[in-house]
Every structure is written in structure tokens, then in C-alpha cells.
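A short worksheet on the structure shown next.
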Amino acid sequence: MRLKDPMRRLNAALLVIAFVLSLFAGRLVQLQGINSEKYAQAAMDQRLQRIDLPAVRGGITDADGNPLALTQDARGIFVDPTRVEPEKKTEVAARLASMLGLDVGFVLKSLEKKGTEYVPLAHRVPPERAELVLSLGYRGVGTVPESRRSYPADGVAANVIGFVNQDGDGGGGLEYSHDKLLKGESGWQRVEISPDGQHIPMGEGQIKEPVPGKGLRLTLSQDVQWKAEEAIAAAVRKHKAESGTVVVLTPDGKVVAMASYPSFDPNEYSKASASERSNRVVGEAFEPGSTGKVITAAALLEEGLVTPETPFNVPDHIWKYRTRFEDSHPHKTWKGLTFGGILAKSSNVGTILASENLTDEKLYSYMTAFGFGTSTGVGLPGETPGLFSTPDKWSGTDRYPISYGQTISVNALQMASVYATIANGGVRVTPTLISGTLDGEGNFTPAEAPKSRRVISEDTAHQLIRMLEGATTDEGTAPASRIPGYRVAGKTGTADRYVESKGRYDGYTASFVGMAPADDPQLIVQVVLQDPRKGYYGGEVAAPVFKEVMEFALKTRKVAPTGTAAPTLKMFVD
């Protein structure tokens with residue numbers, strides 16, 4: 001219908017406009033009045049993102065407070081796929097992958113995710129690297145505050161401490177076994193993210209504060225640990241060995257050093273093999289050889305079956321049940337060789353002869369009392385208890401090699417603990433590595449006292465130490481272990497090495513374990529080299545390492561010589 005009156009046309013148009021404006025006004029009332037909170041919340045939800053807040057991981061220090069593992073500031077890198085320019089996704093993926101050490105395909109897939117504005121790409125990135133990422137100027141790439149694990153001493157005590165993996169979890173050593181304590185309790189935060197992908201510091205948000213983890217103070221000495229690692233690494237290379245370990249203990253079981261070689265740098269743990277990251281001190285089982293004779297000697301003395309001067313006529317070999325047992329070197333029959341001389345000269349045959357009146361059950365009971373067949377209790381992951389079966393499973397000839405340390409296996413800390421027990425007057429104390437914990441304020445809480453038990457009498461322990469001094473004399477097997485100004489007592493070991501992967505014996509395990517000063521023991525040092533190819537006797541390849549580490553440790557801990565002279569050990573009875 002055509003309206004001829006202009007006023008009527010104008011009124012109709014105004015009516016339509018008023019109707020449209022009323023619709024707009026109604027919608028505005030709905031948005032800003034009736035449903036304002038709903039839409040404001042929706043807008044906020046678009047900007048808010050939940051971010052996990054890992055707790056600050058507790059540090060690890062040596063006995064003097066020197067940091068071995070600590071937590072430093074870092075950044076998390078994330079992308080908002082909705083803000084990344086589509087035509088630049090390939091370029092962004094390539095650049096980020098290169099700078100963060102990521103797979104290009106992974107980054108590209110993250111940039112193409114739907115239904116999210118927050119996709120984490122990398123965690124614990126050093127702040128300076130994160131700044132470089134932001135300097136690229138790509139839209140939709142941002143950072144959030146985080147922390148990262150650092151090992152300021154690099155590889156020192158790496159096999160003991162372990163490492164923290166990319167997920168923030170302990171991946172080995174104390175970092176793994178005490179992960180929950182060190183990690184603390186994570187929190188979370190909802191933060192506003194700006195259009196360019198940055199965290200708005202003063203924006204709206206909610207937060208659950210994380211609870212910091214506790215720190216560990218160890219019994220280790222960083223200086224002695226470093227020396228032990230240096231010495232065993234040099235010995236492995238010099239003697240072309242497969243691997244080596246050094247343990248330094250106090251008589252009451254505190255671990256002063258625990259070195260393994262080959263080792264690794266926990267700051268770059270991904271470059272190391274599983275073998276390099278393992279702690280051989282507790283994880284590698286081996287036959288102790290003659291260092292194990294001290295337990296047989298302890299049992300015989302404690303049971304009153306011999307004295308240090310009991311004489312024996314010792315040939316270089318002996319037959320038992322059609323099996324030949326022999327000493328390491330051919331020799332004429334030693335007539336009137338004392339029991340102390342048997343230990344000093346490390347005679348297998350002499351040990352067998354002396355132990356004839358010791359029952360299988362009694363020998364077994366002393367070995368288990370000294371800690372064979374069970375884990376040490378030090379609390380490190382991957383520990384092997386060794387191999388030590390009950391007497392009812394021994395064959396007719398097993399008890400003879402067992403008496404001188406063969407056909408059974410132990411780990412290095414177990415063997416070192418045997419000598420610590422003797423140095424401690426016959427009382428075995430569970431080896432300890434942790435002296436206590438530290439809270440976020442630095443308050444120290446001592447660890448519980450380790451368990452202890454008497455294994456042999458104090459008199460027997462003193463007799464053993466005097467006999468072990470004989471091994472370091474010119475007539476013994478380890479004159480290379482002597483330290484000027486200090487009395488040293490110890491024992492060599494040269495054992496056939498069983499290689500499980502080959503299913504047979506191949507090569508040798510060379511070892512030496514001793515204590516000083518012998519008349520007032522302060523430290524025990526155990527040295528083990530696996531499969532040395534350039535020399536293999538314990539007195540030849542392991543004793544010099546003992547001397548180097550022990551001498552350094554005594555001086556570092558300011559242990560003065562006692563100034564007494566060692567008594568002469570009677571080797572033969574006329």
C-alpha cells in the first residue's frame with residue numbers, strides 16, 4: 001500500500017526505529033543488568049587459566065652446609081593456540097623447537113589444539129632462555145614462573161644424590177628415595193592471561209599456596225667425596241678396570257664419601273647411561289675375597305678356638321672332598337705360621353685349616369650378624385643384599401671358600417660396614433647418610449639415631465685390629481697402604497669375578513679395606529676395582545688408592561697421628 005501523506009510515512013519509520021531501539025535497549029538491560037554477573041564470569045573464564053604451582057624443592061647439602069642440590073628460579077613456556085597467527089604456525093613451531101630442544105612435530109601439534117588457550121610446552125627453562133623465547137615476539141607464546149633443580153658441584157656425589165627429571169620427580173639416588181619429603185606439596189593458581197599470552201600480575205585470580213619441601217643435610221664431606229671420586233677414576237683408567245668404588249665411613253657408620261666410577265653430571269643426566277647413573281657402592285654385588293676372612297677370624301677368636309699366636313703348618317694347597325683349594329702364590333709349607341700370620345699373608349689354606357672346628361651354622365651366624373645377606377639400611381634405592389644362602393643349602397665344599405670370602409656376594413657398603421664394626425669396638429651401627437632435615441626457615445631437625453648391636457666383644461675387636469696391622473707390614477700383602485705418621489690396619493682382597501651375563505667367572509675383583517689410626521680408628525676406607533686388566537692384586541691396585549684417600553681424609557678432618565708405635569705381630573712360632 002502506498003502512503004501518499006509524507007507525515008504518515010515519517011511516523012511509520014519512526015515507529016519501526018523505536019521498536020528496533022527498544023529491542024537493543026532490552027538486550028542491554030539483559031546483558032548489563034539481569035545477566036551481568038553471568039556474562040562477566042564467562043568473560044573472566046576466558047582469561048583465567050589454571051596453572052599448577054610446584055612447591056620449592058628442598059635442597060641437599062653436605063655435612064658442612066655446602067650445597068649439592070638446590071632449587072633456582074625458572075620459567076614455564078606455554079602457547080595459546082587461539083592467538084598464534086595461522087600463517088606463522090610452522091615458523092613458530094620450528095623456532096620454539098630449536099630453542100627449547102623439543103620435537104617440531106610436538107610443538108606444531110600443540111599449536112593446533114582446539115578448545116584451549118593454554119598448552120604447556122616446556123618446564124624449568126632458565127630465565128635467560130625464556131627471555132630469548134619472548135624476544136621472538138610471537139603472539140600467543142608466554143611464560144609463567146617456575147623453579148628448576150641445579151647441582152652446583154656438578155658431578156660430585158652424583159650417584160648418591162641422583163637427579164630430578166623433566167616432570168619434576170626424583171629420578172635416582174636420594175632425589176628418588178626422598179622425593180616426597182624434598183618435593184613438598186604442590187599448589188595451584190588461576191591467573192589472567194593477556195591477549196598477547198602474558199600473565200597479568202595484578203589481574204584477578206585464585207591461589208592455593210604450595211608447601212615447600214624439606215631439605216636434607218648429609219653426612220658426606222664434599223672435599224673427601226671429591227678426592228675419592230678423583231682417586232678411583234684415576235685408578236680405573238690406570239689399571240684398565242671396568243669400574244670402581246670408594247667408601248669412607250666413620251666407626252659409628254656415618255658415610256663420609258661414597259664414590260662410583262664411571263659417573264655422570266646430574267645437570268645433564270639425559271646424556272648419561274643407566275649404568276653411569278647407578279650407585280655401584282650399594283647396587284653392585286661381588287665376591288669379597290680375602291677381605292671377608294676377617295669375619296671367620298672374628299668368629300674363631302670370639303669362640304675361643306684360636307688366639308693370634310696359635311700356630312699352623314700351612315701348605316700352598318689342600319684337598320677337600322676331591323676339590324683342590326690353594327693360596328694365591330705357590331710356596332713351601334709355612335711351618336708354625338701363626339693365626340695372625342695367616343691373616344697378614346692372606347692364606348686361603350691357612351684360613352680353611354683354622355676354621356675346621358667352626359660349624360657351618362656358627363660361621364653363618366657371624367656373617368649374618370656382621371650384615372651379610374641383608375641390605376645395610378642406608379636407605380638408598382637399588383641396593384642389593386648380595387647372595388648368601390643358609391647352611392642347609394651349602395654343598396659339601398661350599399663352607400671352605402665361604403670361609404675366605406668366595407661363593408658369596410656382598411655390596412661395597414656391606415663390606416665397609418664390617419670393618420667399621422671392628423673399628424667401633426665390635427658394635428655394628430647401621431650406616432647413615434642423612435644427618436637431618438632442614439625446613440624452609442633453615443631450622444635443623446636431627447635424624448633418628450641409627451640402630452646398633454654388639455657383634456663381637458671389644459677384646460676380640462682389638463685383637464683383630466692388631467692382626468690387621470700385620471697386613472700393612474713388609475711381610476703382609478699391603479705395604480702400599482702405609483701412611484707416614486699413622487698406624488694403618490687393613491686387609492687385601494683378590495677374588496675371582498663372576499659375570500652373570502656370561503654365566504661364568506671372568507677376571508678379578510681387587511679390593512682393600514682398612515682403618516686409621518689403628519690404635520684409635522677414626523675413618524674406614526674401602527676400595528674396590530672391578531676387572532682390572534693391568535695388575536689385579538688388591539695390594540697392588542687397590543691399596544694405593546686407599547692410602548691416597550685415607551691420607552687426604554685424615555688431614556681434611558684434622559686427625560692427628562697418635563704417636564704410638566705398632567706392636568710387632570708374631571708371624572711364626574719356632
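Each chain in the C-alpha cells gets a letter, A, B and so on, in the order shown; residues start at 1 in every chain, and ligands are counted from 1 in the order they appear.
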Exercise. Would you list the contacts of Met258 in chain A as a list in words, taking every protein, DNA or RNA residue within 10 Å and counting only C-alpha atoms, but skipping same-chain residues closer than 4 positions in sequence?
Key: Val156, Ala157, Ala158, Asn159, Val160, Leu220, Ser221, Val224, Gln225, Trp226, Ala228, Glu229, Thr245, Val246, Val247, Val248, Leu249, Asn279, Arg280, Val281, Val282, Ala412, Leu413, Leu433, Val525 and Gln526 of chain A
Self-check item: Polymer residues at most 10 Å from Gly539 in chain A, only C-alpha atoms, same-chain spacing of 4 or more positions, as an MDAnalysis selection string
Solution: chainID A and resid 471:472 476:481 491:494 510:512 535 543:546
Using N, CA, C and O atoms, can you export the residues from the last selection as a PDB file, in the first residue's frame?
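The resulting result04.pdb:
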```
ATOM      1  N   ALA A 471      98.986 -56.881  58.033  1.00  0.00           N
ATOM      2  CA  ALA A 471      98.849 -56.902  56.572  1.00  0.00           C
ATOM      3  C   ALA A 471      99.544 -55.724  55.915  1.00  0.00           C
ATOM      4  O   ALA A 471      99.867 -55.773  54.721  1.00  0.00           O
ATOM      5  N   THR A 472      99.782 -54.658  56.677  1.00  0.00           N
ATOM      6  CA  THR A 472     100.399 -53.468  56.087  1.00  0.00           C
ATOM      7  C   THR A 472     101.921 -53.455  56.258  1.00  0.00           C
ATOM      8  O   THR A 472     102.579 -52.513  55.826  1.00  0.00           O
ATOM      9  N   GLY A 476     103.393 -58.540  55.046  1.00  0.00           N
ATOM     10  CA  GLY A 476     101.979 -58.678  54.709  1.00  0.00           C
ATOM     11  C   GLY A 476     101.724 -58.449  53.227  1.00  0.00           C
ATOM     12  O   GLY A 476     102.652 -58.351  52.424  1.00  0.00           O
ATOM     13  N   THR A 477     100.452 -58.333  52.864  1.00  0.00           N
ATOM     14  CA  THR A 477     100.076 -58.217  51.448  1.00  0.00           C
ATOM     15  C   THR A 477      99.871 -56.777  50.994  1.00  0.00           C
ATOM     16  O   THR A 477      99.639 -56.543  49.811  1.00  0.00           O
ATOM     17  N   ALA A 478      99.929 -55.812  51.934  1.00  0.00           N
ATOM     18  CA  ALA A 478      99.607 -54.441  51.528  1.00  0.00           C
ATOM     19  C   ALA A 478     100.526 -53.392  52.132  1.00  0.00           C
ATOM     20  O   ALA A 478     100.062 -52.434  52.759  1.00  0.00           O
ATOM     21  N   PRO A 479     101.822 -53.499  51.945  1.00  0.00           N
ATOM     22  CA  PRO A 479     102.700 -52.425  52.435  1.00  0.00           C
ATOM     23  C   PRO A 479     102.410 -51.094  51.723  1.00  0.00           C
ATOM     24  O   PRO A 479     102.725 -50.025  52.257  1.00  0.00           O
ATOM     25  N   ALA A 480     101.786 -51.155  50.539  1.00  0.00           N
ATOM     26  CA  ALA A 480     101.475 -49.930  49.793  1.00  0.00           C
ATOM     27  C   ALA A 480     100.378 -49.107  50.456  1.00  0.00           C
ATOM     28  O   ALA A 480     100.117 -47.973  50.038  1.00  0.00           O
ATOM     29  N   SER A 481      99.750 -49.650  51.492  1.00  0.00           N
ATOM     30  CA  SER A 481      98.670 -48.923  52.170  1.00  0.00           C
ATOM     31  C   SER A 481      99.181 -48.049  53.304  1.00  0.00           C
ATOM     32  O   SER A 481      98.425 -47.276  53.893  1.00  0.00           O
ATOM     33  N   LYS A 491      93.035 -54.968  55.150  1.00  0.00           N
ATOM     34  CA  LYS A 491      93.057 -56.292  54.523  1.00  0.00           C
ATOM     35  C   LYS A 491      92.870 -56.158  53.024  1.00  0.00           C
ATOM     36  O   LYS A 491      92.019 -55.400  52.544  1.00  0.00           O
ATOM     37  N   THR A 492      93.655 -56.940  52.283  1.00  0.00           N
ATOM     38  CA  THR A 492      93.521 -57.001  50.827  1.00  0.00           C
ATOM     39  C   THR A 492      92.491 -58.056  50.432  1.00  0.00           C
ATOM     40  O   THR A 492      92.174 -58.965  51.197  1.00  0.00           O
ATOM     41  N   GLY A 493      92.000 -57.916  49.214  1.00  0.00           N
ATOM     42  CA  GLY A 493      91.116 -58.930  48.648  1.00  0.00           C
ATOM     43  C   GLY A 493      91.352 -59.044  47.154  1.00  0.00           C
ATOM     44  O   GLY A 493      91.423 -58.038  46.444  1.00  0.00           O
ATOM     45  N   THR A 494      91.522 -60.266  46.688  1.00  0.00           N
ATOM     46  CA  THR A 494      91.645 -60.535  45.249  1.00  0.00           C
ATOM     47  C   THR A 494      90.778 -61.746  44.964  1.00  0.00           C
ATOM     48  O   THR A 494      91.162 -62.879  45.265  1.00  0.00           O
ATOM     49  N   ALA A 510      89.462 -56.681  42.719  1.00  0.00           N
ATOM     50  CA  ALA A 510      90.569 -56.308  43.595  1.00  0.00           C
ATOM     51  C   ALA A 510      90.072 -55.298  44.616  1.00  0.00           C
ATOM     52  O   ALA A 510      89.389 -54.334  44.262  1.00  0.00           O
ATOM     53  N   SER A 511      90.419 -55.508  45.882  1.00  0.00           N
ATOM     54  CA  SER A 511      89.911 -54.599  46.910  1.00  0.00           C
ATOM     55  C   SER A 511      90.895 -54.435  48.055  1.00  0.00           C
ATOM     56  O   SER A 511      91.809 -55.239  48.248  1.00  0.00           O
ATOM     57  N   PHE A 512      90.681 -53.376  48.806  1.00  0.00           N
ATOM     58  CA  PHE A 512      91.386 -53.171  50.065  1.00  0.00           C
ATOM     59  C   PHE A 512      90.471 -52.368  50.973  1.00  0.00           C
ATOM     60  O   PHE A 512      89.813 -51.413  50.533  1.00  0.00           O
ATOM     61  N   GLY A 535      97.432 -55.327  36.177  1.00  0.00           N
ATOM     62  CA  GLY A 535      97.571 -55.618  37.599  1.00  0.00           C
ATOM     63  C   GLY A 535      96.203 -55.945  38.167  1.00  0.00           C
ATOM     64  O   GLY A 535      95.199 -55.383  37.729  1.00  0.00           O
ATOM     65  N   ALA A 543      95.194 -50.931  47.258  1.00  0.00           N
ATOM     66  CA  ALA A 543      95.841 -50.362  48.453  1.00  0.00           C
ATOM     67  C   ALA A 543      96.377 -48.948  48.218  1.00  0.00           C
ATOM     68  O   ALA A 543      96.233 -48.083  49.095  1.00  0.00           O
ATOM     69  N   PRO A 544      97.006 -48.657  47.061  1.00  0.00           N
ATOM     70  CA  PRO A 544      97.473 -47.279  46.849  1.00  0.00           C
ATOM     71  C   PRO A 544      96.333 -46.258  46.820  1.00  0.00           C
ATOM     72  O   PRO A 544      96.519 -45.113  47.251  1.00  0.00           O
ATOM     73  N   VAL A 545      95.159 -46.651  46.321  1.00  0.00           N
ATOM     74  CA  VAL A 545      94.003 -45.751  46.322  1.00  0.00           C
ATOM     75  C   VAL A 545      93.553 -45.500  47.757  1.00  0.00           C
ATOM     76  O   VAL A 545      93.216 -44.379  48.147  1.00  0.00           O
ATOM     77  N   PHE A 546      93.557 -46.567  48.558  1.00  0.00           N
ATOM     78  CA  PHE A 546      93.232 -46.428  49.975  1.00  0.00           C
ATOM     79  C   PHE A 546      94.145 -45.393  50.627  1.00  0.00           C
ATOM     80  O   PHE A 546      93.687 -44.505  51.357  1.00  0.00           O
TER      81      PHE A 546
END
```
Can you check which parts of range 462-485 of chain A lie within 8 Å of range 514-519 of chain A? Per residue, the shortest pair of atoms and distance in Å to one decimal, counting only C-alpha atoms, sorted by chain and number, as CSV.
```
residue,atom,partner,partner_atom,distance
A:Ile465,CA,A:Ala518,CA,6.8
A:Arg466,CA,A:Ala518,CA,7.8
A:Glu469,CA,A:Ala518,CA,7.3
```
Quiz prompt | Backbone DSSP call of strand (DSSP E or B) for range 335-525 of chain A, listed as a PyMOL selection string | solution = chain A and resi 335-338+387+409-410+427-429+432+434-438+444-446+452-454+483+486+489-499+504-516+523-525
Can you write out the residues you just picked, keeping C-alpha atoms, as a PDB file, in the first residue's frame?
```
ATOM      1  CA  LYS A 335     105.680 -74.270  59.443  1.00  0.00           C
ATOM      2  CA  GLY A 336     104.465 -72.673  62.644  1.00  0.00           C
ATOM      3  CA  LEU A 337     102.640 -69.829  60.843  1.00  0.00           C
ATOM      4  CA  THR A 338     100.536 -68.066  63.470  1.00  0.00           C
ATOM      5  CA  LEU A 387      73.932 -63.524  47.757  1.00  0.00           C
ATOM      6  CA  SER A 409      78.479 -61.857  47.296  1.00  0.00           C
ATOM      7  CA  VAL A 410      78.117 -58.514  49.048  1.00  0.00           C
ATOM      8  CA  VAL A 427      79.388 -52.773  67.828  1.00  0.00           C
ATOM      9  CA  ARG A 428      77.671 -52.601  64.444  1.00  0.00           C
ATOM     10  CA  VAL A 429      75.859 -49.337  63.726  1.00  0.00           C
ATOM     11  CA  THR A 432      73.785 -43.489  57.814  1.00  0.00           C
ATOM     12  CA  ILE A 434      71.472 -38.301  56.368  1.00  0.00           C
ATOM     13  CA  SER A 435      72.243 -36.312  59.495  1.00  0.00           C
ATOM     14  CA  GLY A 436      68.906 -34.484  59.496  1.00  0.00           C
ATOM     15  CA  THR A 437      66.384 -32.279  57.684  1.00  0.00           C
ATOM     16  CA  LEU A 438      66.005 -28.532  57.169  1.00  0.00           C
ATOM     17  CA  PHE A 444      67.645 -28.249  61.512  1.00  0.00           C
ATOM     18  CA  THR A 445      65.994 -31.419  62.830  1.00  0.00           C
ATOM     19  CA  PRO A 446      68.426 -34.279  63.571  1.00  0.00           C
ATOM     20  CA  SER A 452      73.184 -50.611  66.804  1.00  0.00           C
ATOM     21  CA  ARG A 453      74.035 -54.034  68.206  1.00  0.00           C
ATOM     22  CA  ARG A 454      77.097 -55.765  69.587  1.00  0.00           C
ATOM     23  CA  ILE A 483     100.668 -43.730  55.596  1.00  0.00           C
ATOM     24  CA  TYR A 486      99.836 -43.057  61.066  1.00  0.00           C
ATOM     25  CA  ALA A 489      95.206 -51.733  59.804  1.00  0.00           C
ATOM     26  CA  GLY A 490      93.532 -53.361  56.842  1.00  0.00           C
ATOM     27  CA  LYS A 491      93.057 -56.292  54.523  1.00  0.00           C
ATOM     28  CA  THR A 492      93.521 -57.001  50.827  1.00  0.00           C
ATOM     29  CA  GLY A 493      91.116 -58.930  48.648  1.00  0.00           C
ATOM     30  CA  THR A 494      91.645 -60.535  45.249  1.00  0.00           C
ATOM     31  CA  ALA A 495      88.611 -62.567  44.255  1.00  0.00           C
ATOM     32  CA  ASP A 496      87.534 -64.401  41.142  1.00  0.00           C
ATOM     33  CA  ARG A 497      84.819 -62.324  39.488  1.00  0.00           C
ATOM     34  CA  TYR A 498      81.561 -63.953  38.453  1.00  0.00           C
ATOM     35  CA  VAL A 499      79.996 -62.286  35.396  1.00  0.00           C
ATOM     36  CA  ARG A 504      80.943 -67.890  34.334  1.00  0.00           C
ATOM     37  CA  TYR A 505      83.922 -66.470  36.200  1.00  0.00           C
ATOM     38  CA  ASP A 506      85.957 -63.954  34.222  1.00  0.00           C
ATOM     39  CA  GLY A 507      88.598 -61.595  35.619  1.00  0.00           C
ATOM     40  CA  TYR A 508      89.050 -60.434  39.193  1.00  0.00           C
ATOM     41  CA  THR A 509      87.700 -58.113  41.854  1.00  0.00           C
ATOM     42  CA  ALA A 510      90.569 -56.308  43.595  1.00  0.00           C
ATOM     43  CA  SER A 511      89.911 -54.599  46.910  1.00  0.00           C
ATOM     44  CA  PHE A 512      91.386 -53.171  50.065  1.00  0.00           C
ATOM     45  CA  VAL A 513      89.631 -52.014  53.219  1.00  0.00           C
ATOM     46  CA  GLY A 514      91.321 -50.546  56.234  1.00  0.00           C
ATOM     47  CA  MET A 515      91.212 -48.085  59.110  1.00  0.00           C
ATOM     48  CA  ALA A 516      93.406 -45.384  60.654  1.00  0.00           C
ATOM     49  CA  LEU A 523      87.964 -43.499  59.498  1.00  0.00           C
ATOM     50  CA  ILE A 524      87.449 -46.632  57.404  1.00  0.00           C
ATOM     51  CA  VAL A 525      88.138 -46.612  53.652  1.00  0.00           C
TER      52      VAL A 525
END
```
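Using only C-alpha atoms, the smallest distance between any of A:Val107, A:Ile17, A:Leu53, A:Ala565 and Pro145 in chain A comes from A:Leu53.
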Quiz item: Near Leu529 in chain A, counting only C-alpha atoms, which residues have an atom at most 8 Å away, once you skip same-chain residues fewer than 2 positions from it, shown as an MDAnalysis selection string?
Solution: chainID A and resid 236 241:245 509:511 527 531:532 541:542
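As for CA of Arg57 in chain A and CA of Gly162 in chain A, they are spaced 14.1 Å apart.
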Find the residues near Gly59 in chain A: any atom within 10 Å, counting only C-alpha atoms, skip ones fewer than 4 places away on the same chain, and give them as a PDB file with C-alpha atoms, in the first residue's frame.
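Result went into out-v6.pdb, see below:
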```
ATOM      1  CA  PRO A  67      75.039 -27.101  48.539  1.00  0.00           C
ATOM      2  CA  LEU A  68      74.993 -30.281  46.473  1.00  0.00           C
ATOM      3  CA  ALA A  69      71.475 -29.790  45.077  1.00  0.00           C
ATOM      4  CA  LEU A  70      69.381 -26.615  45.128  1.00  0.00           C
ATOM      5  CA  THR A  71      66.354 -25.019  43.505  1.00  0.00           C
ATOM      6  CA  ARG A 149      66.913 -28.185  40.037  1.00  0.00           C
ATOM      7  CA  SER A 150      70.589 -27.332  39.908  1.00  0.00           C
ATOM      8  CA  TYR A 151      73.707 -29.173  41.081  1.00  0.00           C
ATOM      9  CA  GLU A 175      66.271 -37.406  44.975  1.00  0.00           C
ATOM     10  CA  LEU A 182      62.004 -32.977  49.183  1.00  0.00           C
ATOM     11  CA  LYS A 183      59.147 -32.128  46.835  1.00  0.00           C
ATOM     12  CA  GLY A 213      59.742 -29.347  50.621  1.00  0.00           C
ATOM     13  CA  LYS A 214      62.258 -30.059  53.352  1.00  0.00           C
ATOM     14  CA  GLY A 215      65.978 -30.103  52.735  1.00  0.00           C
ATOM     15  CA  LEU A 216      68.496 -32.805  53.587  1.00  0.00           C
ATOM     16  CA  ARG A 217      71.810 -32.378  55.340  1.00  0.00           C
ATOM     17  CA  THR A 437      66.384 -32.279  57.684  1.00  0.00           C
ATOM     18  CA  LEU A 438      66.005 -28.532  57.169  1.00  0.00           C
ATOM     19  CA  ASP A 439      62.705 -26.661  56.941  1.00  0.00           C
ATOM     20  CA  GLY A 440      62.047 -23.554  54.846  1.00  0.00           C
TER      21      GLY A 440
END
```
Practice problem: Find the spatial neighbours of Phe372 in chain A, counting only C-alpha atoms, within a cut-off of 8 Å - ignore same-chain residues fewer than 2 positions away - and output them as a PyMOL selection string. | Solution: chain A and resi 367-370+374+385-386+388+410+414
Can you list, as a PDB file with N, CA and C atoms, in the first residue's frame, every protein, DNA or RNA residue that comes within 7 Å of range 567-571 of chain A when you count only C-alpha atoms, leaving out same-chain residues fewer than 4 positions away?
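Output saved as result-v5.pdb:
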```
ATOM      1  N   GLU A 309      98.336 -66.090  68.174  1.00  0.00           N
ATOM      2  CA  GLU A 309      99.617 -66.793  68.081  1.00  0.00           C
ATOM      3  C   GLU A 309      99.463 -68.305  67.941  1.00  0.00           C
ATOM      4  N   LEU A 337     103.230 -71.131  61.187  1.00  0.00           N
ATOM      5  CA  LEU A 337     102.640 -69.829  60.843  1.00  0.00           C
ATOM      6  C   LEU A 337     101.504 -69.533  61.833  1.00  0.00           C
ATOM      7  N   THR A 338     101.562 -68.401  62.480  1.00  0.00           N
ATOM      8  CA  THR A 338     100.536 -68.066  63.470  1.00  0.00           C
ATOM      9  C   THR A 338      99.225 -67.699  62.785  1.00  0.00           C
ATOM     10  N   GLY A 340      97.637 -65.018  63.330  1.00  0.00           N
ATOM     11  CA  GLY A 340      97.835 -63.637  62.894  1.00  0.00           C
ATOM     12  C   GLY A 340      98.587 -63.571  61.583  1.00  0.00           C
ATOM     13  N   GLY A 341      99.568 -64.465  61.393  1.00  0.00           N
ATOM     14  CA  GLY A 341     100.317 -64.529  60.146  1.00  0.00           C
ATOM     15  C   GLY A 341      99.454 -64.991  58.987  1.00  0.00           C
ATOM     16  N   MET A 467      95.985 -57.689  64.468  1.00  0.00           N
ATOM     17  CA  MET A 467      96.317 -58.646  63.412  1.00  0.00           C
ATOM     18  C   MET A 467      96.263 -57.982  62.033  1.00  0.00           C
ATOM     19  N   GLY A 470      99.215 -56.224  60.725  1.00  0.00           N
ATOM     20  CA  GLY A 470     100.244 -57.061  60.125  1.00  0.00           C
ATOM     21  C   GLY A 470     100.184 -57.082  58.615  1.00  0.00           C
TER      22      GLY A 470
END
```
Quiz prompt | Selection near Ala55 in chain A, 6 Å with only C-alpha atoms, sequence-local residues under 3 positions removed, as a count of residues only | solution = 6
Quiz item: Pick the closest to Glu146 in chain A from A:Asp169, A:Asp223, A:Glu383, A:Asp52: which is it, counting only C-alpha atoms?
Solution: A:Asp52
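The residue that comes closest to Ile295 in chain A, out of A:Phe78, A:Phe24, A:Tyr419, A:Tyr118 and on the basis of only C-alpha atoms, is A:Tyr419.
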Quiz item: Residues of range 89-219 of chain A in alpha helix (DSSP H) according to DSSP, as an MDAnalysis selection string?
Solution: chainID A and resid 89:100 104:111 127:135 158:161 173:177 179:183
Exercise. Mind giving me the straight-line distance from CA of Pro401 in chain A to CA of Lys293 in chain A in Å, one decimal?
Key: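 Rounded to one decimal, the two atoms are 9.9 Å apart.
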